[in-house]
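S.K.: The structure file start24.pdb (PDB, C-alpha atoms) is provided below.
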```
ATOM      1  CA  MET A 165      -7.214  14.877 -26.882
ATOM      2  CA  ASP A 166      -6.454  18.411 -25.741
ATOM      3  CA  ILE A 167      -6.034  21.131 -28.349
ATOM      4  CA  ARG A 168      -5.450  24.750 -27.422
ATOM      5  CA  VAL A 169      -4.833  27.823 -29.542
ATOM      6  CA  GLN A 170      -3.960  30.725 -27.300
ATOM      7  CA  GLU A 171      -2.166  34.026 -27.105
ATOM      8  CA  HIS A 172      -0.676  33.663 -23.639
ATOM      9  CA  ALA A 173       2.453  31.717 -22.760
ATOM     10  CA  PHE A 174       2.267  28.162 -21.461
ATOM     11  CA  ASP A 175       4.286  26.496 -18.740
ATOM     12  CA  LEU A 176       6.111  23.641 -20.459
ATOM     13  CA  GLY A 177       7.022  21.874 -17.221
ATOM     14  CA  ARG A 178       3.504  22.019 -15.865
ATOM     15  CA  GLU A 179       1.924  20.943 -19.145
ATOM     16  CA  ALA A 180       4.342  18.030 -19.645
ATOM     17  CA  GLN A 181       3.945  16.944 -16.028
ATOM     18  CA  GLY A 182       0.160  17.232 -16.173
ATOM     19  CA  PHE A 183      -0.034  15.325 -19.451
ATOM     20  CA  ALA A 184       2.181  12.484 -18.208
ATOM     21  CA  ALA A 185       0.255  12.285 -14.920
ATOM     22  CA  ARG A 186      -3.068  11.926 -16.779
ATOM     23  CA  GLN A 187      -1.922   8.810 -18.663
ATOM     24  CA  THR A 188      -2.665   5.325 -17.472
ATOM     25  CA  GLY A 189      -1.100   2.176 -18.879
ATOM     26  CA  MET A 190       1.205   4.170 -21.134
ATOM     27  CA  GLY A 191       4.916   3.342 -21.260
ATOM     28  CA  ALA A 192       6.026   6.448 -23.131
ATOM     29  CA  VAL A 193       5.400  10.176 -23.317
ATOM     30  CA  VAL A 194       7.092  12.273 -25.996
ATOM     31  CA  THR A 195       7.015  16.071 -25.958
ATOM     32  CA  PHE A 196       8.222  18.506 -28.584
ATOM     33  CA  THR A 197       8.550  22.268 -28.077
ATOM     34  CA  GLY A 198       8.893  24.863 -30.832
ATOM     35  CA  ILE A 199      10.832  28.022 -29.945
ATOM     36  CA  VAL A 200      11.125  31.360 -31.751
ATOM     37  CA  ARG A 201      14.526  31.322 -33.449
ATOM     38  CA  ASP A 202      16.534  34.505 -33.767
ATOM     39  CA  VAL A 203      17.463  35.448 -37.323
ATOM     40  CA  ALA A 204      20.395  37.172 -38.977
ATOM     41  CA  GLY A 205      19.816  40.867 -38.565
ATOM     42  CA  GLY A 206      18.275  40.296 -35.174
ATOM     43  CA  LEU A 207      14.649  39.440 -34.608
ATOM     44  CA  ASP A 208      12.707  42.211 -32.882
ATOM     45  CA  GLN A 209       9.409  40.399 -32.978
ATOM     46  CA  MET A 210       7.560  37.509 -34.528
ATOM     47  CA  GLU A 211       3.850  37.899 -35.059
ATOM     48  CA  ILE A 212       1.747  34.799 -35.585
ATOM     49  CA  GLU A 213      -1.570  35.211 -37.344
ATOM     50  CA  HIS A 214      -4.110  32.407 -37.532
ATOM     51  CA  TYR A 215      -7.583  31.611 -38.805
ATOM     52  CA  PRO A 216      -9.833  31.290 -35.745
ATOM     53  CA  GLY A 217     -12.213  28.389 -36.167
ATOM     54  CA  MET A 218     -10.316  26.675 -38.946
ATOM     55  CA  THR A 219      -7.150  26.442 -36.849
ATOM     56  CA  GLU A 220      -8.844  24.385 -34.134
ATOM     57  CA  LYS A 221     -10.563  22.172 -36.735
ATOM     58  CA  ALA A 222      -7.348  21.588 -38.679
ATOM     59  CA  LEU A 223      -5.398  20.685 -35.520
ATOM     60  CA  MET A 224      -8.193  18.348 -34.442
ATOM     61  CA  GLN A 225      -8.133  16.650 -37.858
ATOM     62  CA  ILE A 226      -4.354  16.221 -37.762
ATOM     63  CA  ALA A 227      -4.558  14.754 -34.245
ATOM     64  CA  GLU A 228      -7.339  12.369 -35.316
ATOM     65  CA  ASP A 229      -5.251  11.259 -38.300
ATOM     66  CA  ALA A 230      -2.343  10.542 -35.942
ATOM     67  CA  GLU A 231      -4.615   8.537 -33.650
ATOM     68  CA  SER A 232      -5.823   6.433 -36.548
ATOM     69  CA  ARG A 233      -2.268   5.668 -37.697
ATOM     70  CA  TRP A 234      -0.555   4.866 -34.412
ATOM     71  CA  ASN A 235      -1.454   3.224 -31.177
ATOM     72  CA  ILE A 236      -1.741   6.443 -29.210
ATOM     73  CA  GLY A 237      -3.046   7.003 -25.711
ATOM     74  CA  ASP A 238      -3.496  10.765 -25.829
ATOM     75  CA  ILE A 239      -2.437  13.909 -27.682
ATOM     76  CA  LEU A 240      -1.861  17.462 -26.472
ATOM     77  CA  ILE A 241      -1.286  20.374 -28.843
ATOM     78  CA  ILE A 242      -0.758  23.956 -27.666
ATOM     79  CA  HIS A 243      -0.049  26.620 -30.304
ATOM     80  CA  ARG A 244       0.290  30.315 -29.595
ATOM     81  CA  HIS A 245      -0.557  33.292 -31.783
ATOM     82  CA  GLY A 246       0.088  37.001 -31.428
ATOM     83  CA  LYS A 247       3.377  38.746 -30.754
ATOM     84  CA  LEU A 248       6.409  36.780 -29.613
ATOM     85  CA  VAL A 249      10.114  37.494 -29.277
ATOM     86  CA  ALA A 250      13.206  35.314 -29.796
ATOM     87  CA  ASP A 251      13.557  32.327 -27.448
ATOM     88  CA  GLU A 252       9.882  32.334 -26.474
ATOM     89  CA  MET A 253       8.030  29.053 -26.770
ATOM     90  CA  ILE A 254       5.587  29.051 -29.697
ATOM     91  CA  MET A 255       4.030  25.650 -29.386
ATOM     92  CA  MET A 256       4.242  22.172 -27.956
ATOM     93  CA  VAL A 257       2.920  18.727 -28.694
ATOM     94  CA  ALA A 258       2.814  15.740 -26.387
ATOM     95  CA  THR A 259       1.911  12.171 -27.281
ATOM     96  CA  SER A 260       1.647   9.036 -25.192
ATOM     97  CA  SER A 261       1.724   5.384 -26.175
ATOM     98  CA  ARG A 262       2.401   1.985 -24.673
ATOM     99  CA  HIS A 263       5.697   1.731 -26.563
ATOM    100  CA  ARG A 264       7.917   4.668 -27.469
ATOM    101  CA  LYS A 265       7.971   4.228 -31.258
ATOM    102  CA  ASP A 266       4.294   5.160 -31.636
ATOM    103  CA  ALA A 267       4.676   8.266 -29.483
ATOM    104  CA  PHE A 268       7.832   9.422 -31.325
ATOM    105  CA  GLU A 269       6.406   8.849 -34.791
ATOM    106  CA  ALA A 270       3.043  10.403 -33.965
ATOM    107  CA  ALA A 271       4.772  13.499 -32.550
ATOM    108  CA  GLU A 272       6.817  13.858 -35.749
ATOM    109  CA  PHE A 273       3.720  13.387 -37.876
ATOM    110  CA  LEU A 274       1.869  16.045 -35.873
ATOM    111  CA  MET A 275       4.731  18.500 -36.331
ATOM    112  CA  ASP A 276       5.098  17.843 -40.056
ATOM    113  CA  TYR A 277       1.399  18.400 -40.701
ATOM    114  CA  LEU A 278       1.060  21.279 -38.293
ATOM    115  CA  LYS A 279       3.797  23.175 -40.153
ATOM    116  CA  SER A 280       2.069  23.161 -43.519
ATOM    117  CA  ARG A 281      -1.587  22.251 -42.927
ATOM    118  CA  ALA A 282      -2.628  24.315 -39.921
ATOM    119  CA  PRO A 283      -3.572  27.914 -40.800
ATOM    120  CA  PHE A 284      -0.813  29.876 -39.063
ATOM    121  CA  TRP A 285       1.358  32.535 -40.684
ATOM    122  CA  LYS A 286       4.496  34.066 -39.246
ATOM    123  CA  LYS A 287       5.678  37.612 -39.798
ATOM    124  CA  GLU A 288       9.158  38.610 -38.684
ATOM    125  CA  THR A 289      10.223  42.119 -37.753
ATOM    126  CA  THR A 290      13.950  42.847 -37.897
ATOM    127  CA  LYS A 291      15.778  46.148 -38.225
ATOM    128  CA  ASP A 292      15.555  45.610 -42.002
ATOM    129  CA  GLY A 293      11.761  45.700 -41.803
ATOM    130  CA  LYS A 294       8.824  43.330 -41.659
ATOM    131  CA  ASP A 295       8.399  40.257 -43.786
ATOM    132  CA  TRP A 296       6.163  37.206 -43.922
ATOM    133  CA  VAL A 297       8.029  33.951 -43.443
ATOM    134  CA  ALA A 298       7.805  31.947 -46.673
ATOM    135  CA  ALA A 299       6.763  28.314 -46.524
ATOM    136  CA  LYS A 300       9.687  26.011 -47.233
ATOM    137  CA  ALA A 301       9.549  23.453 -50.037
ATOM    138  CA  GLU A 302      11.244  20.913 -47.749
ATOM    139  CA  ASP A 303       8.415  21.238 -45.213
ATOM    140  CA  GLU A 304       5.952  20.295 -47.936
ATOM    141  CA  ALA A 305       8.278  17.481 -49.050
ATOM    142  CA  GLU A 306       8.342  16.104 -45.485
ATOM    143  CA  LEU A 307       4.664  15.236 -45.846
ATOM    144  CA  THR A 308       5.300  12.785 -48.674
ATOM    145  CA  ARG A 309       7.042  10.351 -46.350
ATOM    146  CA  TRP A 310       3.755   9.891 -44.505
ATOM    147  CA  THR A 311       1.757   9.245 -47.659
ATOM    148  CA  LYS A 312       4.067   6.693 -49.308
ATOM    149  CA  ASP A 313       2.645   3.597 -47.667
TER     150      ASP A 313
ATOM    151  CA  MET B 200     -23.960  36.008 -49.431
ATOM    152  CA  ILE B 201     -20.519  34.559 -48.876
ATOM    153  CA  ASP B 202     -17.937  35.793 -46.394
ATOM    154  CA  VAL B 203     -14.591  36.037 -48.140
ATOM    155  CA  LEU B 204     -11.662  36.149 -45.716
ATOM    156  CA  TYR B 205      -8.045  37.103 -46.339
ATOM    157  CA  PHE B 206      -5.031  36.273 -44.212
ATOM    158  CA  ALA B 207      -1.360  37.287 -43.957
ATOM    159  CA  TRP B 208      -0.011  39.171 -47.014
ATOM    160  CA  VAL B 209      -3.215  38.558 -48.955
ATOM    161  CA  ARG B 210      -5.063  40.574 -46.297
ATOM    162  CA  GLU B 211      -2.395  43.283 -46.394
ATOM    163  CA  ARG B 212      -2.451  43.503 -50.183
ATOM    164  CA  ILE B 213      -6.229  43.767 -50.316
ATOM    165  CA  GLY B 214      -6.299  46.150 -47.377
ATOM    166  CA  HIS B 215      -8.951  44.533 -45.196
ATOM    167  CA  PRO B 216      -9.637  41.102 -43.669
ATOM    168  CA  LYS B 217     -13.098  40.369 -45.023
ATOM    169  CA  ASP B 218     -15.629  41.039 -47.765
ATOM    170  CA  ARG B 219     -19.264  40.009 -47.863
ATOM    171  CA  VAL B 220     -20.044  39.221 -51.471
ATOM    172  CA  GLU B 221     -23.182  38.474 -53.409
ATOM    173  CA  THR B 222     -22.043  35.994 -56.011
ATOM    174  CA  SER B 223     -23.320  33.471 -58.503
ATOM    175  CA  ALA B 224     -19.875  31.857 -58.815
ATOM    176  CA  HIS B 225     -19.989  28.081 -59.168
ATOM    177  CA  THR B 226     -16.378  27.393 -58.271
ATOM    178  CA  VAL B 227     -13.617  29.028 -56.249
ATOM    179  CA  MET B 228     -12.006  30.026 -59.560
ATOM    180  CA  ASP B 229     -15.199  31.816 -60.678
ATOM    181  CA  LEU B 230     -15.166  33.736 -57.409
ATOM    182  CA  VAL B 231     -11.499  34.662 -57.909
ATOM    183  CA  GLU B 232     -12.328  35.985 -61.390
ATOM    184  CA  GLU B 233     -15.120  38.115 -59.927
ATOM    185  CA  LEU B 234     -12.869  39.484 -57.202
ATOM    186  CA  ARG B 235     -10.104  40.253 -59.700
ATOM    187  CA  THR B 236     -12.351  42.653 -61.575
ATOM    188  CA  ARG B 237     -13.107  44.669 -58.420
ATOM    189  CA  GLU B 238      -9.989  46.758 -58.065
ATOM    190  CA  GLU B 239      -6.303  46.823 -58.851
ATOM    191  CA  ARG B 240      -5.333  45.547 -55.396
ATOM    192  CA  TYR B 241      -7.489  42.430 -55.828
ATOM    193  CA  GLU B 242      -5.828  41.767 -59.175
ATOM    194  CA  ALA B 243      -2.467  42.150 -57.421
ATOM    195  CA  ALA B 244      -3.418  39.794 -54.600
ATOM    196  CA  PHE B 245      -4.684  37.130 -56.993
ATOM    197  CA  ALA B 246      -1.969  37.576 -59.642
ATOM    198  CA  ASP B 247      -0.209  34.287 -58.876
ATOM    199  CA  LEU B 248      -2.569  31.579 -57.694
ATOM    200  CA  SER B 249       0.291  29.122 -57.214
ATOM    201  CA  ALA B 250       1.304  31.341 -54.259
ATOM    202  CA  LEU B 251      -2.156  31.033 -52.698
ATOM    203  CA  ARG B 252      -4.153  28.437 -50.845
ATOM    204  CA  VAL B 253      -7.906  28.366 -50.404
ATOM    205  CA  ALA B 254     -10.291  27.008 -47.796
ATOM    206  CA  VAL B 255     -14.038  26.620 -48.286
ATOM    207  CA  ASP B 256     -16.005  26.537 -45.043
ATOM    208  CA  GLN B 257     -12.717  26.132 -43.172
ATOM    209  CA  GLU B 258     -11.535  23.084 -45.138
ATOM    210  CA  LEU B 259      -8.513  23.290 -47.444
ATOM    211  CA  THR B 260      -9.487  22.715 -51.037
ATOM    212  CA  GLU B 261      -8.466  23.427 -54.653
ATOM    213  CA  PHE B 262      -9.282  26.368 -56.899
ATOM    214  CA  ASP B 263     -11.472  24.229 -59.153
ATOM    215  CA  ALA B 264     -13.610  23.141 -56.196
ATOM    216  CA  PRO B 265     -17.354  23.865 -56.403
ATOM    217  CA  LEU B 266     -18.713  26.452 -53.988
ATOM    218  CA  GLY B 267     -22.069  24.760 -53.495
ATOM    219  CA  ASP B 268     -23.797  26.546 -50.627
ATOM    220  CA  ALA B 269     -20.538  27.591 -49.006
ATOM    221  CA  ARG B 270     -20.796  30.354 -46.431
ATOM    222  CA  GLU B 271     -17.113  31.170 -46.026
ATOM    223  CA  VAL B 272     -14.176  31.173 -48.431
ATOM    224  CA  ALA B 273     -10.680  32.102 -47.283
ATOM    225  CA  PHE B 274      -7.575  32.954 -49.288
ATOM    226  CA  PHE B 275      -4.095  32.905 -47.799
ATOM    227  CA  PRO B 276      -0.447  32.053 -48.513
ATOM    228  CA  PRO B 277       1.016  28.613 -47.763
ATOM    229  CA  MET B 278       0.885  28.069 -44.024
ATOM    230  CA  THR B 279       3.862  28.353 -41.690
ATOM    231  CA  GLY B 280       2.870  26.804 -38.395
ATOM    232  CA  GLY B 281       4.986  25.013 -35.824
TER     233      GLY B 281
END
```
Just dump the structure as structure tokens.

M.R.:
Amino acid sequence: MDIRVQEHAFDLGREAQGFAARQTGMGAVVTFTGIVRDVAGGLDQMEIEHYPGMTEKALMQIAEDAESRWNIGDILIIHRHGKLVADEMIMMVATSSRHRKDAFEAAEFLMDYLKSRAPFWKKETTKDGKDWVAAKAEDEAELTRWTKD
Amino acid sequence: MIDVLYFAWVRERIGHPKDRVETSAHTVMDLVEELRTREERYEAAFADLSALRVAVDQELTEFDAPLGDAREVAFFPPMTGG
């Protein structure tokens, strides 16, 4: 398990390559990358605040939950904070498993939980001003599909 | 002494990121009530608790949770990671 919360950019190709190369006996690696989306009105900047200490613990907990639910070889989570602009990469997850279904599902689970259970907050600056991004009800609703069974 | 931390718009509304408070509060809610009486801006920040989340010693919890011997309580809006 490799969990990193950092301000600086990461190299997606190098991270994905490195992660895949570290696996043994795994038939599948899934990676997901989150990118800063431009908004109507034009995004000047997105600032990501987080809760140092709790962020790492929360990500670790989410990754451990994923490992207990699926047959997972390894998990990588990188999440940035600080100031970003449109089209920059915010975060990535990678999962490995013997068969692809576990890796796909675990990656989705990680993303769903990371969106509403890891202490990050986004603030967008456009020419209209600055505003905190509100949490979406559908993101919270996404979690229920993992708690049904 | 408990460290009380604020994040995102809660921090902005209160005007600083952290208070060190001497408290006899038994639950998170008791602590909120104490903070509310401090100043107008605390009242404003804690006006709608349904818009807030709380963590005690870096674990998400509920407002009726006991504080026990907690060292750190944090208040913030719903999270927007990913």

S.K.: Which residues of chain B have any atom within 10 Å of an atom in chain A when counting only C-alpha atoms, and what is the closest pair of atoms for each, with the distance in Å to one decimal? Order the rows by chain and rising number and write it as a Markdown table.

M.R.:
```
| residue | atom | partner | partner_atom | distance |
| --- | --- | --- | --- | --- |
| B:Leu204 | CA | A:Tyr215 | CA | 9.2 |
| B:Tyr205 | CA | A:Tyr215 | CA | 9.3 |
| B:Phe206 | CA | A:Tyr215 | CA | 7.6 |
| B:Ala207 | CA | A:Trp285 | CA | 6.4 |
| B:Trp208 | CA | A:Trp296 | CA | 7.2 |
| B:Ala250 | CA | A:Ala299 | CA | 9.9 |
| B:Ala254 | CA | A:Met218 | CA | 8.9 |
| B:Asp256 | CA | A:Met218 | CA | 8.3 |
| B:Gln257 | CA | A:Met218 | CA | 4.9 |
| B:Glu258 | CA | A:Met218 | CA | 7.3 |
| B:Leu259 | CA | A:Arg281 | CA | 8.3 |
| B:Ala273 | CA | A:Tyr215 | CA | 9.0 |
| B:Phe275 | CA | A:Pro283 | CA | 8.6 |
| B:Pro276 | CA | A:Trp285 | CA | 8.0 |
| B:Pro277 | CA | A:Ala299 | CA | 5.9 |
| B:Met278 | CA | A:Ser280 | CA | 5.1 |
| B:Thr279 | CA | A:Trp285 | CA | 5.0 |
| B:Gly280 | CA | A:Lys279 | CA | 4.1 |
| B:Gly281 | CA | A:Lys279 | CA | 4.9 |
```

S.K.: Hey, what comes out of the PyMOL selection byres ((chain B and resi 245) around 9) on this file? Could you write it as a list in words?

M.R.: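 With the PyMOL selection byres ((chain B and resi 245) around 9) on this model, the match is Val209, Val231, Glu232, Leu234, Arg235, Arg240, Tyr241, Glu242, Ala243, Ala244, Ala246, Asp247, Leu248, Ala250 and Leu251 of chain B.
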
S.K.: Could the centre and edge lengths of an axis-aligned box, enclosing all atoms of region 269-273 of chain B in the file with 5 Å extra on each side, be given in Å to one decimal as lines of an AutoDock Vina configuration file?

M.R.:
```
center_x = -15.7
center_y = 29.8
center_z = -47.5
size_x = 20.1
size_y = 14.5
size_z = 13.0
```

S.K.: Please compute the CA of Ala301 (chain A)-CA of Ala227 (chain A) distance, one decimal, in Å.

M.R.: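 Rounded to one decimal, the two atoms are 22.9 Å apart.
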
S.K.: Is there a way to get, as a PDB file with C-alpha atoms, in the coordinates of the input, all residues within 8 Å of the point (-12.7, 23.7, -59.8) in file coordinates, counting all atoms listed in the file?

M.R.:
```
ATOM      1  CA  THR B 226     -16.378  27.393 -58.271  1.00  0.00           C
ATOM      2  CA  VAL B 227     -13.617  29.028 -56.249  1.00  0.00           C
ATOM      3  CA  MET B 228     -12.006  30.026 -59.560  1.00  0.00           C
ATOM      4  CA  GLU B 261      -8.466  23.427 -54.653  1.00  0.00           C
ATOM      5  CA  PHE B 262      -9.282  26.368 -56.899  1.00  0.00           C
ATOM      6  CA  ASP B 263     -11.472  24.229 -59.153  1.00  0.00           C
ATOM      7  CA  ALA B 264     -13.610  23.141 -56.196  1.00  0.00           C
ATOM      8  CA  PRO B 265     -17.354  23.865 -56.403  1.00  0.00           C
TER       9      PRO B 265
END
```

S.K.: Just the residues within 10 Å of Thr195 (chain A), please, counting all atoms listed in the file, with nothing from its chain fewer than 4 positions along; format it as a PyMOL selection string.

M.R.: chain A and resi 176+179-180+183-184+239-241+256-260+267-268+271

S.K.: Report, in Å to a single decimal, how far apart CA of Asp202 (chain B) and CA of Asp218 (chain B) are.

M.R.: 5.9 Å

S.K.: Considering all atoms listed in the file, can you say which of B:Leu230, B:Val272, B:Leu266, B:Val220 comes closest to Arg252 (chain B)?

M.R.: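 Smallest separation from Arg252 (chain B) among the options: B:Val272.
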
S.K.: One decimal, Å: what's the distance from CA of Ala250 (chain A) over to CA of Leu207 (chain A), could you say?

M.R.: 6.5 Å

S.K.: Starting from the PyMOL selection byres ((chain A and resi 236) around 9), expand the selection into actual residues of this file and give them as a ChimeraX atom specification.

M.R.: /A:190,230-235,237-239,259-262,266-267,270

S.K.: On this structure, which residues satisfy the PyMOL selection byres ((chain A and resi 203) around 12), written as a list in words?

M.R.: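 Taken on the displayed file, the PyMOL selection byres ((chain A and resi 203) around 12) yields the residues Val200, Arg201, Asp202, Ala204, Gly205, Gly206, Leu207, Asp208, Gln209, Met210, Val249, Ala250, Asp251, Glu288, Thr289, Thr290, Lys291, Asp292 and Val297 of chain A.
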
S.K.: Take the residues from that selection and write them out as a short mmCIF file (atom, residue, chain, number, x, y, z; two decimals), in the coordinates of the input, keeping C-alpha atoms.

M.R.:
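The new file out_36.cif reads:
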```cif
data_model
loop_
_atom_site.label_atom_id
_atom_site.label_comp_id
_atom_site.auth_asym_id
_atom_site.auth_seq_id
_atom_site.Cartn_x
_atom_site.Cartn_y
_atom_site.Cartn_z
CA VAL A 200 11.12 31.36 -31.75
CA ARG A 201 14.53 31.32 -33.45
CA ASP A 202 16.53 34.51 -33.77
CA ALA A 204 20.40 37.17 -38.98
CA GLY A 205 19.82 40.87 -38.56
CA GLY A 206 18.27 40.30 -35.17
CA LEU A 207 14.65 39.44 -34.61
CA ASP A 208 12.71 42.21 -32.88
CA GLN A 209 9.41 40.40 -32.98
CA MET A 210 7.56 37.51 -34.53
CA VAL A 249 10.11 37.49 -29.28
CA ALA A 250 13.21 35.31 -29.80
CA ASP A 251 13.56 32.33 -27.45
CA GLU A 288 9.16 38.61 -38.68
CA THR A 289 10.22 42.12 -37.75
CA THR A 290 13.95 42.85 -37.90
CA LYS A 291 15.78 46.15 -38.22
CA ASP A 292 15.56 45.61 -42.00
CA VAL A 297 8.03 33.95 -43.44
#
```

S.K.: From the list A:Ala192, A:Ile242, A:Ala305, A:Ile226, which residue is nearest Arg264 (chain A) when using all atoms listed in the file?

M.R.: A:Ala192

S.K.: B:Ala269, B:Val255, B:Phe274, B:Met200: which is nearest Thr222 (chain B), counting all atoms listed in the file?

M.R.: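 Once distances to Thr222 (chain B) are computed over all atoms listed in the file, the minimum belongs to B:Met200.
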
S.K.: Could you rebuild region 200-214 of chain B with N, CA and C atoms and give me the result as a short mmCIF file (atom, residue, chain, number, x, y, z; two decimals), in the coordinates of the input?

M.R.:
```cif
data_model
loop_
_atom_site.label_atom_id
_atom_site.label_comp_id
_atom_site.auth_asym_id
_atom_site.auth_seq_id
_atom_site.Cartn_x
_atom_site.Cartn_y
_atom_site.Cartn_z
N MET B 200 -25.14 35.24 -49.85
CA MET B 200 -23.96 36.01 -49.43
C MET B 200 -22.87 35.07 -48.91
N ILE B 201 -21.66 35.34 -49.35
CA ILE B 201 -20.52 34.56 -48.88
C ILE B 201 -19.55 35.51 -48.17
N ASP B 202 -19.02 35.05 -47.04
CA ASP B 202 -17.94 35.79 -46.39
C ASP B 202 -16.64 35.37 -47.06
N VAL B 203 -15.90 36.34 -47.55
CA VAL B 203 -14.59 36.04 -48.14
C VAL B 203 -13.53 36.61 -47.20
N LEU B 204 -12.67 35.74 -46.71
CA LEU B 204 -11.66 36.15 -45.72
C LEU B 204 -10.26 36.13 -46.33
N TYR B 205 -9.42 37.03 -45.86
CA TYR B 205 -8.04 37.10 -46.34
C TYR B 205 -7.10 37.08 -45.14
N PHE B 206 -6.00 36.35 -45.30
CA PHE B 206 -5.03 36.27 -44.21
C PHE B 206 -3.62 36.61 -44.71
N ALA B 207 -2.79 37.00 -43.75
CA ALA B 207 -1.36 37.29 -43.96
C ALA B 207 -1.18 38.33 -45.08
N TRP B 208 -0.26 38.09 -46.03
CA TRP B 208 -0.01 39.17 -47.01
C TRP B 208 -1.18 39.36 -47.98
N VAL B 209 -2.03 38.38 -48.09
CA VAL B 209 -3.22 38.56 -48.96
C VAL B 209 -4.11 39.64 -48.34
N ARG B 210 -4.29 39.56 -47.03
CA ARG B 210 -5.06 40.57 -46.30
C ARG B 210 -4.41 41.96 -46.44
N GLU B 211 -3.09 41.99 -46.29
CA GLU B 211 -2.40 43.28 -46.39
C GLU B 211 -2.51 43.87 -47.80
N ARG B 212 -2.40 43.01 -48.80
CA ARG B 212 -2.45 43.50 -50.18
C ARG B 212 -3.84 44.03 -50.53
N ILE B 213 -4.86 43.33 -50.03
CA ILE B 213 -6.23 43.77 -50.32
C ILE B 213 -6.64 44.94 -49.42
N GLY B 214 -6.08 44.98 -48.22
CA GLY B 214 -6.30 46.15 -47.38
C GLY B 214 -7.34 45.97 -46.29
#
```
